[in-house]
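Enquirer: Have a peek at final.tsv (TSV, C-alpha atoms and all ligand atoms).
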```tsv
chain	number	residue	atom	x	y	z
A	1	MET	CA	-21.74	16.88	-46.37
A	2	LEU	CA	-19.12	14.40	-45.18
A	3	LEU	CA	-16.36	16.88	-45.90
A	4	ILE	CA	-18.30	19.71	-44.34
A	5	MET	CA	-18.77	18.18	-40.93
A	6	ARG	CA	-15.44	16.39	-40.67
A	7	ILE	CA	-13.81	19.72	-41.30
A	8	ASN	CA	-12.76	19.93	-37.65
A	9	GLU	CA	-10.82	16.65	-37.62
A	10	ASP	CA	-7.50	18.46	-37.18
A	11	THR	CA	-8.82	21.84	-36.07
A	12	LEU	CA	-7.93	23.59	-32.85
A	13	LEU	CA	-9.71	26.81	-31.93
A	14	GLU	CA	-7.99	29.03	-29.42
A	15	GLY	CA	-9.99	31.62	-27.50
A	16	GLY	CA	-9.06	33.81	-24.55
A	17	ASN	CA	-9.50	31.22	-21.80
A	18	VAL	CA	-10.23	28.00	-23.64
A	19	VAL	CA	-8.90	25.82	-26.39
A	20	LEU	CA	-11.31	23.66	-28.40
A	21	VAL	CA	-9.96	20.41	-29.85
A	22	PRO	CA	-11.63	17.53	-31.72
A	23	TYR	CA	-13.03	14.81	-29.45
A	24	ASN	CA	-10.72	11.79	-29.70
A	25	ALA	CA	-10.27	8.46	-27.94
A	26	ASP	CA	-7.81	9.90	-25.40
A	27	HIS	CA	-10.61	12.05	-24.02
A	28	VAL	CA	-13.09	9.22	-23.48
A	29	PRO	CA	-12.16	8.03	-19.94
A	30	ARG	CA	-12.57	11.54	-18.47
A	31	TYR	CA	-15.72	12.16	-20.50
A	32	HIS	CA	-17.14	8.89	-19.25
A	33	GLN	CA	-16.33	9.82	-15.66
A	34	TRP	CA	-18.25	13.09	-16.07
A	35	MET	CA	-21.27	11.41	-17.57
A	36	CYS	CA	-21.58	9.07	-14.56
A	37	SER	CA	-22.76	12.14	-12.63
A	38	PRO	CA	-26.56	12.08	-12.18
A	39	GLU	CA	-26.54	15.91	-12.17
A	40	LEU	CA	-24.94	16.07	-15.62
A	41	GLN	CA	-27.16	13.29	-16.92
A	42	LYS	CA	-30.17	15.34	-15.90
A	43	LEU	CA	-28.87	18.70	-17.16
A	44	THR	CA	-27.91	17.25	-20.54
A	45	ALA	CA	-30.80	14.75	-20.82
A	46	SER	CA	-28.29	11.90	-21.29
A	47	GLU	CA	-28.50	8.21	-20.47
A	48	PRO	CA	-25.64	6.58	-18.51
A	49	LEU	CA	-23.28	4.56	-20.75
A	50	THR	CA	-20.59	1.98	-20.04
A	51	LEU	CA	-17.01	2.94	-20.88
A	52	GLU	CA	-17.18	0.69	-23.93
A	53	GLN	CA	-20.36	2.36	-25.14
A	54	GLU	CA	-18.70	5.74	-24.62
A	55	TYR	CA	-15.82	4.69	-26.91
A	56	ASP	CA	-18.37	3.56	-29.52
A	57	MET	CA	-20.16	6.88	-29.20
A	58	GLN	CA	-16.91	8.82	-29.66
A	59	ARG	CA	-16.17	6.83	-32.84
A	60	ASP	CA	-19.71	7.36	-34.12
A	61	TRP	CA	-19.51	11.09	-33.47
A	62	ARG	CA	-16.16	11.32	-35.20
A	63	GLU	CA	-17.39	9.45	-38.24
A	64	ASP	CA	-20.82	11.03	-38.25
A	65	ASP	CA	-21.12	13.25	-41.27
A	66	ASP	CA	-23.56	15.63	-39.64
A	67	LYS	CA	-21.96	16.23	-36.25
A	68	CYS	CA	-19.02	18.38	-35.23
A	69	THR	CA	-17.74	17.92	-31.66
A	70	PHE	CA	-15.04	19.73	-29.73
A	71	ILE	CA	-13.66	19.14	-26.26
A	72	ILE	CA	-13.21	22.31	-24.21
A	73	LEU	CA	-9.79	22.59	-22.55
A	74	ASP	CA	-8.53	25.04	-19.91
A	75	LYS	CA	-6.12	27.06	-22.06
A	76	GLN	CA	-3.78	28.00	-19.24
A	77	LYS	CA	-3.38	24.39	-18.08
A	78	TRP	CA	-3.02	23.12	-21.63
A	79	ALA	CA	-0.14	25.53	-22.27
A	80	ASP	CA	1.84	23.48	-19.74
A	81	PRO	CA	2.94	20.32	-21.59
A	82	SER	CA	3.61	18.50	-18.31
A	83	ILE	CA	-0.15	18.36	-17.66
A	84	PRO	CA	-1.84	15.51	-19.58
A	85	GLU	CA	-4.51	16.77	-21.96
A	86	GLN	CA	-7.19	14.75	-20.15
A	87	GLU	CA	-6.56	16.81	-17.03
A	88	CYS	CA	-7.18	20.02	-18.97
A	89	MET	CA	-10.68	18.97	-20.06
A	90	VAL	CA	-13.56	21.09	-18.76
A	91	GLY	CA	-16.46	20.21	-21.07
A	92	ASP	CA	-17.65	19.70	-24.61
A	93	VAL	CA	-19.57	21.52	-27.30
A	94	ASN	CA	-21.10	20.29	-30.50
A	95	ILE	CA	-23.10	21.28	-33.51
A	96	PHE	CA	-25.19	18.81	-35.46
A	97	LEU	CA	-27.40	19.07	-38.49
A	98	THR	CA	-30.95	18.04	-37.71
A	99	ASP	CA	-32.73	18.49	-41.04
A	100	PRO	CA	-31.30	16.60	-44.06
A	101	SER	CA	-33.11	19.02	-46.36
A	102	ASP	CA	-31.63	22.10	-44.69
A	103	PRO	CA	-27.85	22.09	-44.04
A	104	SER	CA	-28.03	25.66	-42.74
A	105	LEU	CA	-29.96	24.55	-39.63
A	106	ALA	CA	-27.99	23.15	-36.70
A	107	GLU	CA	-28.62	22.17	-33.13
A	108	LEU	CA	-26.06	23.26	-30.58
A	109	GLU	CA	-25.13	21.57	-27.29
A	110	ILE	CA	-22.69	22.74	-24.67
A	111	MET	CA	-21.58	21.39	-21.32
A	112	ILE	CA	-19.14	22.90	-18.86
A	113	ALA	CA	-18.82	19.61	-17.01
A	114	VAL	CA	-16.44	20.60	-14.22
A	115	PRO	CA	-18.49	22.58	-11.69
A	116	CYS	CA	-15.70	24.92	-10.56
A	117	TYR	CA	-15.38	26.20	-14.14
A	118	ARG	CA	-19.02	27.27	-14.34
A	119	GLY	CA	-20.19	30.84	-13.91
A	120	LYS	CA	-16.87	32.28	-15.06
A	121	GLY	CA	-17.81	33.25	-18.59
A	122	LEU	CA	-16.55	30.07	-20.29
A	123	GLY	CA	-20.02	29.03	-21.44
A	124	LYS	CA	-20.50	32.36	-23.19
A	125	GLU	CA	-17.03	32.33	-24.69
A	126	VAL	CA	-17.39	28.80	-26.05
A	127	THR	CA	-20.91	29.41	-27.38
A	128	ARG	CA	-19.71	32.46	-29.27
A	129	MET	CA	-16.70	30.58	-30.65
A	130	MET	CA	-18.80	27.63	-31.76
A	131	MET	CA	-21.51	29.76	-33.32
A	132	CYS	CA	-18.90	31.82	-35.19
A	133	TYR	CA	-17.24	28.64	-36.38
A	134	GLY	CA	-20.62	27.29	-37.50
A	135	ILE	CA	-21.53	30.51	-39.31
A	136	HIS	CA	-18.20	31.15	-40.99
A	137	LYS	CA	-16.93	27.63	-41.65
A	138	LEU	CA	-20.04	25.47	-41.91
A	139	GLY	CA	-22.52	27.92	-43.41
A	140	ILE	CA	-25.02	27.61	-40.54
A	141	ARG	CA	-27.72	30.28	-40.51
A	142	LYS	CA	-30.17	28.96	-37.92
A	143	PHE	CA	-29.28	27.52	-34.53
A	144	GLU	CA	-31.53	25.66	-32.11
A	145	VAL	CA	-30.98	24.41	-28.56
A	146	LYS	CA	-33.08	22.08	-26.42
A	147	ILE	CA	-32.89	22.85	-22.72
A	148	GLY	CA	-34.55	21.36	-19.63
A	149	LEU	CA	-37.29	23.70	-18.41
A	150	ASP	CA	-35.64	24.10	-15.02
A	151	ASN	CA	-32.16	24.83	-16.45
A	152	LYS	CA	-32.51	28.58	-15.94
A	153	ILE	CA	-28.79	29.29	-16.33
A	154	SER	CA	-28.57	27.74	-19.77
A	155	ILE	CA	-31.80	29.41	-20.92
A	156	ALA	CA	-30.49	32.80	-19.72
A	157	MET	CA	-27.19	32.26	-21.50
A	158	PHE	CA	-28.72	31.45	-24.86
A	159	LYS	CA	-31.11	34.39	-24.59
A	160	LYS	CA	-28.01	36.60	-24.41
A	161	PHE	CA	-27.21	35.31	-27.90
A	162	HIS	CA	-30.70	36.39	-29.09
A	163	PHE	CA	-32.22	32.90	-28.96
A	164	ARG	CA	-36.00	33.03	-28.56
A	165	GLU	CA	-38.49	30.39	-27.48
A	166	LEU	CA	-39.77	28.25	-30.38
A	167	SER	CA	-41.69	25.55	-28.51
A	168	VAL	CA	-42.12	23.81	-25.18
A	169	SER	CA	-42.48	20.07	-24.73
A	170	GLU	CA	-44.41	19.16	-21.60
A	171	VAL	CA	-43.61	15.48	-22.25
A	172	PHE	CA	-39.84	16.00	-22.29
A	173	GLN	CA	-39.99	18.98	-19.92
A	174	GLU	CA	-37.80	20.97	-22.28
A	175	VAL	CA	-37.89	24.17	-24.25
A	176	THR	CA	-36.53	24.65	-27.77
A	177	LEU	CA	-34.90	28.01	-28.38
A	178	GLY	CA	-33.76	29.23	-31.77
A	179	VAL	CA	-32.05	32.08	-33.53
A	180	THR	CA	-31.67	33.05	-37.18
A	181	VAL	CA	-28.39	34.70	-38.02
A	182	ASN	CA	-29.38	37.77	-39.99
A	183	GLU	CA	-26.96	40.47	-41.09
A	184	ALA	CA	-27.44	42.65	-38.02
A	185	LEU	CA	-26.82	39.79	-35.62
A	186	GLN	CA	-23.79	38.66	-37.55
A	187	LYS	CA	-22.36	42.17	-37.49
A	188	HIS	CA	-23.07	43.04	-33.86
A	189	VAL	CA	-22.79	39.72	-32.04
A	190	PHE	CA	-20.69	37.34	-34.08
A	191	GLY	CA	-18.56	39.59	-36.28
A	192	ASN	CA	-15.71	37.69	-37.87
A	193	MET	CA	-13.45	35.04	-36.36
A	194	ASP	CA	-10.65	37.45	-35.44
A	195	PHE	CA	-11.19	36.96	-31.71
A	196	MET	CA	-10.03	33.36	-31.95
A	197	LEU	CA	-7.19	31.55	-33.63
A	198	GLN	CA	-7.56	28.46	-35.74
A	199	ARG	CA	-4.61	26.08	-35.76
A	200	GLU	CA	-3.77	22.51	-36.70
A	201	TYR	CA	-4.50	20.37	-33.66
A	202	GLY	CA	-1.85	17.68	-34.28
A	203	LYS	CA	0.97	20.17	-34.63
A	204	ALA	CA	-0.22	22.38	-31.78
A	205	ARG	CA	-0.47	19.39	-29.43
A	206	ASP	CA	3.10	18.38	-30.22
A	207	SER	CA	4.41	21.82	-29.25
A	208	ARG	CA	1.96	22.84	-26.57
A	209	GLN	CA	4.07	25.48	-24.91
A	210	ALA	CA	4.24	27.60	-28.09
A	211	THR	CA	2.57	30.98	-28.59
A	212	PHE	CA	0.24	30.93	-25.64
A	213	THR	CA	-0.21	34.52	-24.67
A	214	PRO	CA	-3.66	35.47	-23.35
A	215	LEU	CA	-5.92	37.00	-25.97
A	216	SER	CA	-8.29	39.73	-24.95
A	217	LEU	CA	-11.81	39.00	-26.14
B	301	LIG	C1	-25.17	26.20	-18.92
B	301	LIG	C2	-23.67	26.40	-19.01
B	301	LIG	C3	-23.15	25.96	-20.37
B	301	LIG	C4	-23.34	27.90	-18.82
B	301	LIG	O1	-21.94	28.09	-18.88
B	301	LIG	P1	-21.19	28.92	-17.71
B	301	LIG	O2	-19.75	28.97	-18.06
B	301	LIG	O3	-21.55	28.33	-16.40
B	301	LIG	O4	-21.89	30.33	-17.89
B	301	LIG	P2	-21.20	31.77	-18.04
B	301	LIG	O5	-20.37	32.05	-16.85
B	301	LIG	O6	-20.59	31.90	-19.37
B	301	LIG	O7	-22.50	32.68	-17.95
B	301	LIG	C5	-23.40	32.77	-19.04
B	301	LIG	C6	-24.73	33.32	-18.61
B	301	LIG	O8	-25.43	32.31	-17.88
B	301	LIG	C7	-26.13	32.93	-16.80
B	301	LIG	N1	-25.55	32.44	-15.54
B	301	LIG	C8	-24.35	31.87	-15.34
B	301	LIG	N2	-24.22	31.47	-14.06
B	301	LIG	C9	-25.36	31.81	-13.44
B	301	LIG	C10	-25.87	31.64	-12.13
B	301	LIG	N3	-25.14	31.05	-11.16
B	301	LIG	N4	-27.13	32.08	-11.85
B	301	LIG	C11	-27.87	32.65	-12.80
B	301	LIG	N5	-27.46	32.83	-14.10
B	301	LIG	C12	-26.24	32.42	-14.39
B	301	LIG	C13	-25.96	34.41	-16.95
B	301	LIG	O9	-26.99	34.88	-17.80
B	301	LIG	C14	-24.62	34.50	-17.65
B	301	LIG	O10	-24.45	35.66	-18.39
B	301	LIG	P3	-23.84	36.99	-17.65
B	301	LIG	O11	-22.59	36.55	-16.95
B	301	LIG	O12	-23.56	37.94	-18.79
B	301	LIG	O13	-24.89	37.45	-16.72
B	301	LIG	C15	-22.92	25.61	-17.88
B	301	LIG	O14	-23.30	26.09	-16.63
B	301	LIG	C16	-23.15	24.10	-17.95
B	301	LIG	O15	-22.59	23.46	-18.80
B	301	LIG	N6	-23.91	23.53	-17.03
B	301	LIG	C17	-24.10	22.08	-16.98
B	301	LIG	C18	-24.62	21.42	-18.25
B	301	LIG	C19	-25.72	22.19	-18.90
B	301	LIG	O16	-26.62	22.66	-18.24
B	301	LIG	N7	-25.65	22.31	-20.23
B	301	LIG	C20	-26.65	22.96	-21.02
B	301	LIG	C21	-27.64	21.96	-21.49
B	301	LIG	S1	-28.58	22.71	-22.75
```
As structure tokens, please, write out the structure in this file.
Expert:
Amino acid sequence: MLLIMRINEDTLLEGGNVVLVPYNADHVPRYHQWMCSPELQKLTASEPLTLEQEYDMQRDWREDDDKCTFIILDKQKWADPSIPEQECMVGDVNIFLTDPSDPSLAELEIMIAVPCYRGKGLGKEVTRMMMCYGIHKLGIRKFEVKIGLDNKISIAMFKKFHFRELSVSEVFQEVTLGVTVNEALQKHVFGNMDFMLQREYGKARDSRQATFTPLSL
């Protein structure tokens, strides 16, 4: 399991408009700044943390053997090496295993933290990338998401990926949606991973200007 979920330690996934990179300590100050926003705390059901706690959390996530976290970067900005990586950050996405007896079941979380990047198709692009990565690299077959009942945008987005309502918690005011990846869904929605590139993060970061031509999705 350890090997399975730390598989992304040096993985970069390049899509059409975004680049996904493993969450590391350099990203923490910006991440912390985002999570001070009461709006994001509410939308993601998160508690406010101090900067120090955020560093601890990043270390825990990195070492956690059942969690796989990527930071979402603006691909166009990131292609310019004069822009610090922190300034290219737009959100995060992660997959974690929730049932020790079933490694094919994962919960998914996504956040486009920077408001001006929302509503432009990035959420859909990243969700598809992450689900494809989960299916093809981690062997995930069932995905679940927990969403605040009034987060209509997120609910609508996941329904586009064939998620259906599994349960509603009145206590937590959230709905759990889920999808099982059967053959038809894999073929028609997720296909293979050809629409994104997988590269080594360390090397790609050291030569950021290389090979960045827009991909059509
Ligand atoms: C929810 C979230 C991930 C969606 O990502 P996004 O980049 O804003 O969404 P996209 O532009 O990819 O749109 C995806 C779908 O969401 C819905 N949507 C997006 N913006 C919308 C809006 N303003 N009004 C209604 N529906 C909207 C649509 O169904 C859209 O699909 P379509 O374009 O094919 O119609 C993003 O808005 C976000 O991170 N918000 C804050 C944190 C959060 O709510 N996270 C989810 C917690 S579970």
Enquirer: Out of A:Lys77, A:Lys159, A:Lys124, A:Arg62, which residue has the shortest atom-to-atom distance to ligand LIG 301 (chain B) when counting only C-alpha atoms and all ligand atoms?
Expert: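 Once distances to ligand LIG 301 (chain B) are computed over only C-alpha atoms and all ligand atoms, the minimum belongs to A:Lys124.
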Enquirer: What separation in Å, quoted to one decimal, exists between CA of Asp80 in chain A and CA of Arg208 in chain A?
Expert: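 Going from CA of Asp80 in chain A over to CA of Arg208 in chain A, I get 6.9 Å.
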Enquirer: Pick out the residues no farther than 6 Å from ligand LIG 301 (chain B), counting all atoms listed in the file, and list them as a ChimeraX atom specification.
Expert: /A:40,43-44,109-113,118-124,146-147,153-154,156-157
Enquirer: Please determine, counting only C-alpha atoms, which residue among A:Val126, A:Ile72, A:Leu49, A:Met193 has the shortest atom-to-atom distance to Pro22 in chain A.
Expert: A:Ile72
Enquirer: May I ask which of the residues A:Pro38, A:Pro115, A:Pro81, A:Gly134 is the closest one to Phe96 in chain A, counting only C-alpha atoms?
Expert: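 So, comparing all the options, the nearest one is A:Gly134.
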Enquirer: Of the candidates A:Val168, A:Leu197, A:Ala45, A:Met57, which one gets nearest to Thr69 in chain A if we count all atoms listed in the file?
Expert: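 Among the listed residues, the smallest separation from Thr69 in chain A belongs to A:Met57.
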Enquirer: Just to confirm, what's the straight-line distance from CA of Ile7 in chain A to CA of Arg205 in chain A in Å (one decimal)?
Expert: 17.9 Å
Enquirer: Given all atoms listed in the file as the basis, pick out the residue of A:Ser167, A:Thr176, A:Gln76, A:Gln53 nearest to Phe143 in chain A.
Expert: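 Using all atoms listed in the file, Phe143 in chain A sits closest to A:Thr176.
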Enquirer: For each of A:Asp150, A:Asp56, A:Glu39, A:Asp206, take the minimum atom-to-atom distance to Val114 in chain A, counting all atoms listed in the file, then give the residue where this is smallest.
Expert: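 Ranked by minimum distance to Val114 in chain A, first place goes to A:Glu39.
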Enquirer: I want to know what sits within 9 Å of Pro29 in chain A, based on all atoms listed in the file, with residues of the same chain fewer than 5 positions away left out; could you give that as a PyMOL selection string?
Expert: chain A and resi 34+51+54-55+86
Enquirer: Give the centre and edge lengths of an axis-aligned box, in Å to one decimal, that holds all listed atoms of range 109-116 of chain A with 4 Å on each side, as JSON.
Expert:
```
{"center_x": -20.4, "center_y": 22.3, "center_z": -18.9, "size_x": 17.4, "size_y": 13.3, "size_z": 24.7}
```
Enquirer: By how many Å are CA of Trp78 in chain A and CA of Thr11 in chain A apart?
Expert: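 Computed distance, CA of Trp78 in chain A to CA of Thr11 in chain A, equals 15.6 Å.
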Enquirer: So that I can check the surroundings of Leu108 in chain A, please list as a list in words every protein, DNA and RNA residue that reaches within 8 Å of it, counting only C-alpha atoms and ignoring chain neighbours fewer than 3 positions away.
Expert: Val93, Asn94, Ile95, Phe96, Phe143, Glu144 and Val145 of chain A
Enquirer: Contacts of Leu73 in chain A at 9 Å or less, counting only C-alpha atoms, minus same-chain residues fewer than 3 places along, as a list of chain:residue names?
Expert: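 Selected residues are A:Asn17, A:Val18, A:Val19, A:Leu20, A:Val21, A:Gln76, A:Lys77, A:Trp78, A:Glu85, A:Gln86, A:Glu87, A:Cys88, A:Met89, A:Val90, A:Gly91, A:Asp92.
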Enquirer: What residues have an atom no more than 10 Å from (-37.9, 12.5, -15.5) in the file's own frame, counting only C-alpha atoms, and can you write them as a list in words?
Expert: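 Answer for this query, in the requested form: Lys42, Ala45, Val171, Phe172 and Gln173 of chain A.
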Enquirer: Go ahead and write the residues just picked, C-alpha atoms, as an mmCIF file, in the coordinates of the input.
Expert:
```cif
data_model
loop_
_atom_site.group_PDB
_atom_site.id
_atom_site.type_symbol
_atom_site.label_atom_id
_atom_site.label_comp_id
_atom_site.auth_asym_id
_atom_site.auth_seq_id
_atom_site.Cartn_x
_atom_site.Cartn_y
_atom_site.Cartn_z
ATOM 1 C CA LYS A 42 -30.170 15.340 -15.900
ATOM 2 C CA ALA A 45 -30.800 14.750 -20.820
ATOM 3 C CA VAL A 171 -43.610 15.480 -22.250
ATOM 4 C CA PHE A 172 -39.840 16.000 -22.290
ATOM 5 C CA GLN A 173 -39.990 18.980 -19.920
#
```
Enquirer: Would you list the residues near (-31.3, 28.7, -31.8) (no more than 9 Å away, in the coordinates of the file, using only C-alpha atoms) as a VMD selection string?
Expert: chain A and resid 105 to 108 142 to 146 158 161 to 166 176 to 180
Enquirer: With C-alpha atoms retained, could you export that selection as a compact mmCIF listing (two decimals), keeping the file's coordinate frame?
Expert:
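The new file out08.txt reads:
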```txt
# COMPACT_ATOMS: atom_id res chain seq x y z
CA LEU A 105 -29.96 24.55 -39.63
CA ALA A 106 -27.99 23.15 -36.70
CA GLU A 107 -28.62 22.17 -33.13
CA LEU A 108 -26.06 23.26 -30.58
CA LYS A 142 -30.17 28.96 -37.92
CA PHE A 143 -29.28 27.52 -34.53
CA GLU A 144 -31.53 25.66 -32.11
CA VAL A 145 -30.98 24.41 -28.56
CA LYS A 146 -33.08 22.08 -26.42
CA PHE A 158 -28.72 31.45 -24.86
CA PHE A 161 -27.21 35.31 -27.90
CA HIS A 162 -30.70 36.39 -29.09
CA PHE A 163 -32.22 32.90 -28.96
CA ARG A 164 -36.00 33.03 -28.56
CA GLU A 165 -38.49 30.39 -27.48
CA LEU A 166 -39.77 28.25 -30.38
CA THR A 176 -36.53 24.65 -27.77
CA LEU A 177 -34.90 28.01 -28.38
CA GLY A 178 -33.76 29.23 -31.77
CA VAL A 179 -32.05 32.08 -33.53
CA THR A 180 -31.67 33.05 -37.18
```
Enquirer: What would range 122-137 of chain A look like with N, CA and C atoms in place, written as a PDB file, keeping the file's coordinate frame?
Expert:
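File written: selection_4.pdb
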```pdb
ATOM      1  N   LEU A 122     -17.009  31.021 -19.273  1.00  0.00           N
ATOM      2  CA  LEU A 122     -16.550  30.070 -20.290  1.00  0.00           C
ATOM      3  C   LEU A 122     -17.687  29.635 -21.212  1.00  0.00           C
ATOM      4  N   GLY A 123     -18.874  29.444 -20.629  1.00  0.00           N
ATOM      5  CA  GLY A 123     -20.020  29.030 -21.440  1.00  0.00           C
ATOM      6  C   GLY A 123     -20.282  30.039 -22.550  1.00  0.00           C
ATOM      7  N   LYS A 124     -20.257  31.317 -22.190  1.00  0.00           N
ATOM      8  CA  LYS A 124     -20.500  32.360 -23.190  1.00  0.00           C
ATOM      9  C   LYS A 124     -19.385  32.392 -24.235  1.00  0.00           C
ATOM     10  N   GLU A 125     -18.163  32.278 -23.755  1.00  0.00           N
ATOM     11  CA  GLU A 125     -17.030  32.330 -24.690  1.00  0.00           C
ATOM     12  C   GLU A 125     -17.110  31.165 -25.699  1.00  0.00           C
ATOM     13  N   VAL A 126     -17.357  29.971 -25.182  1.00  0.00           N
ATOM     14  CA  VAL A 126     -17.390  28.800 -26.050  1.00  0.00           C
ATOM     15  C   VAL A 126     -18.582  28.865 -27.017  1.00  0.00           C
ATOM     16  N   THR A 127     -19.729  29.309 -26.503  1.00  0.00           N
ATOM     17  CA  THR A 127     -20.910  29.410 -27.380  1.00  0.00           C
ATOM     18  C   THR A 127     -20.634  30.367 -28.528  1.00  0.00           C
ATOM     19  N   ARG A 128     -20.024  31.487 -28.205  1.00  0.00           N
ATOM     20  CA  ARG A 128     -19.710  32.460 -29.270  1.00  0.00           C
ATOM     21  C   ARG A 128     -18.713  31.871 -30.277  1.00  0.00           C
ATOM     22  N   MET A 129     -17.701  31.192 -29.751  1.00  0.00           N
ATOM     23  CA  MET A 129     -16.700  30.580 -30.650  1.00  0.00           C
ATOM     24  C   MET A 129     -17.369  29.563 -31.573  1.00  0.00           C
ATOM     25  N   MET A 130     -18.197  28.706 -30.979  1.00  0.00           N
ATOM     26  CA  MET A 130     -18.800  27.630 -31.760  1.00  0.00           C
ATOM     27  C   MET A 130     -19.796  28.175 -32.775  1.00  0.00           C
ATOM     28  N   MET A 131     -20.549  29.190 -32.366  1.00  0.00           N
ATOM     29  CA  MET A 131     -21.510  29.760 -33.320  1.00  0.00           C
ATOM     30  C   MET A 131     -20.764  30.452 -34.460  1.00  0.00           C
ATOM     31  N   CYS A 132     -19.698  31.172 -34.135  1.00  0.00           N
ATOM     32  CA  CYS A 132     -18.900  31.820 -35.190  1.00  0.00           C
ATOM     33  C   CYS A 132     -18.318  30.789 -36.136  1.00  0.00           C
ATOM     34  N   TYR A 133     -17.807  29.706 -35.552  1.00  0.00           N
ATOM     35  CA  TYR A 133     -17.240  28.640 -36.380  1.00  0.00           C
ATOM     36  C   TYR A 133     -18.338  28.062 -37.294  1.00  0.00           C
ATOM     37  N   GLY A 134     -19.499  27.831 -36.717  1.00  0.00           N
ATOM     38  CA  GLY A 134     -20.620  27.290 -37.500  1.00  0.00           C
ATOM     39  C   GLY A 134     -21.032  28.238 -38.624  1.00  0.00           C
ATOM     40  N   ILE A 135     -21.100  29.517 -38.308  1.00  0.00           N
ATOM     41  CA  ILE A 135     -21.530  30.510 -39.310  1.00  0.00           C
ATOM     42  C   ILE A 135     -20.492  30.624 -40.420  1.00  0.00           C
ATOM     43  N   HIS A 136     -19.228  30.824 -40.000  1.00  0.00           N
ATOM     44  CA  HIS A 136     -18.200  31.150 -40.990  1.00  0.00           C
ATOM     45  C   HIS A 136     -17.610  29.935 -41.702  1.00  0.00           C
ATOM     46  N   LYS A 137     -17.581  28.793 -41.031  1.00  0.00           N
ATOM     47  CA  LYS A 137     -16.930  27.630 -41.650  1.00  0.00           C
ATOM     48  C   LYS A 137     -17.922  26.571 -42.146  1.00  0.00           C
TER      49      LYS A 137
END
```
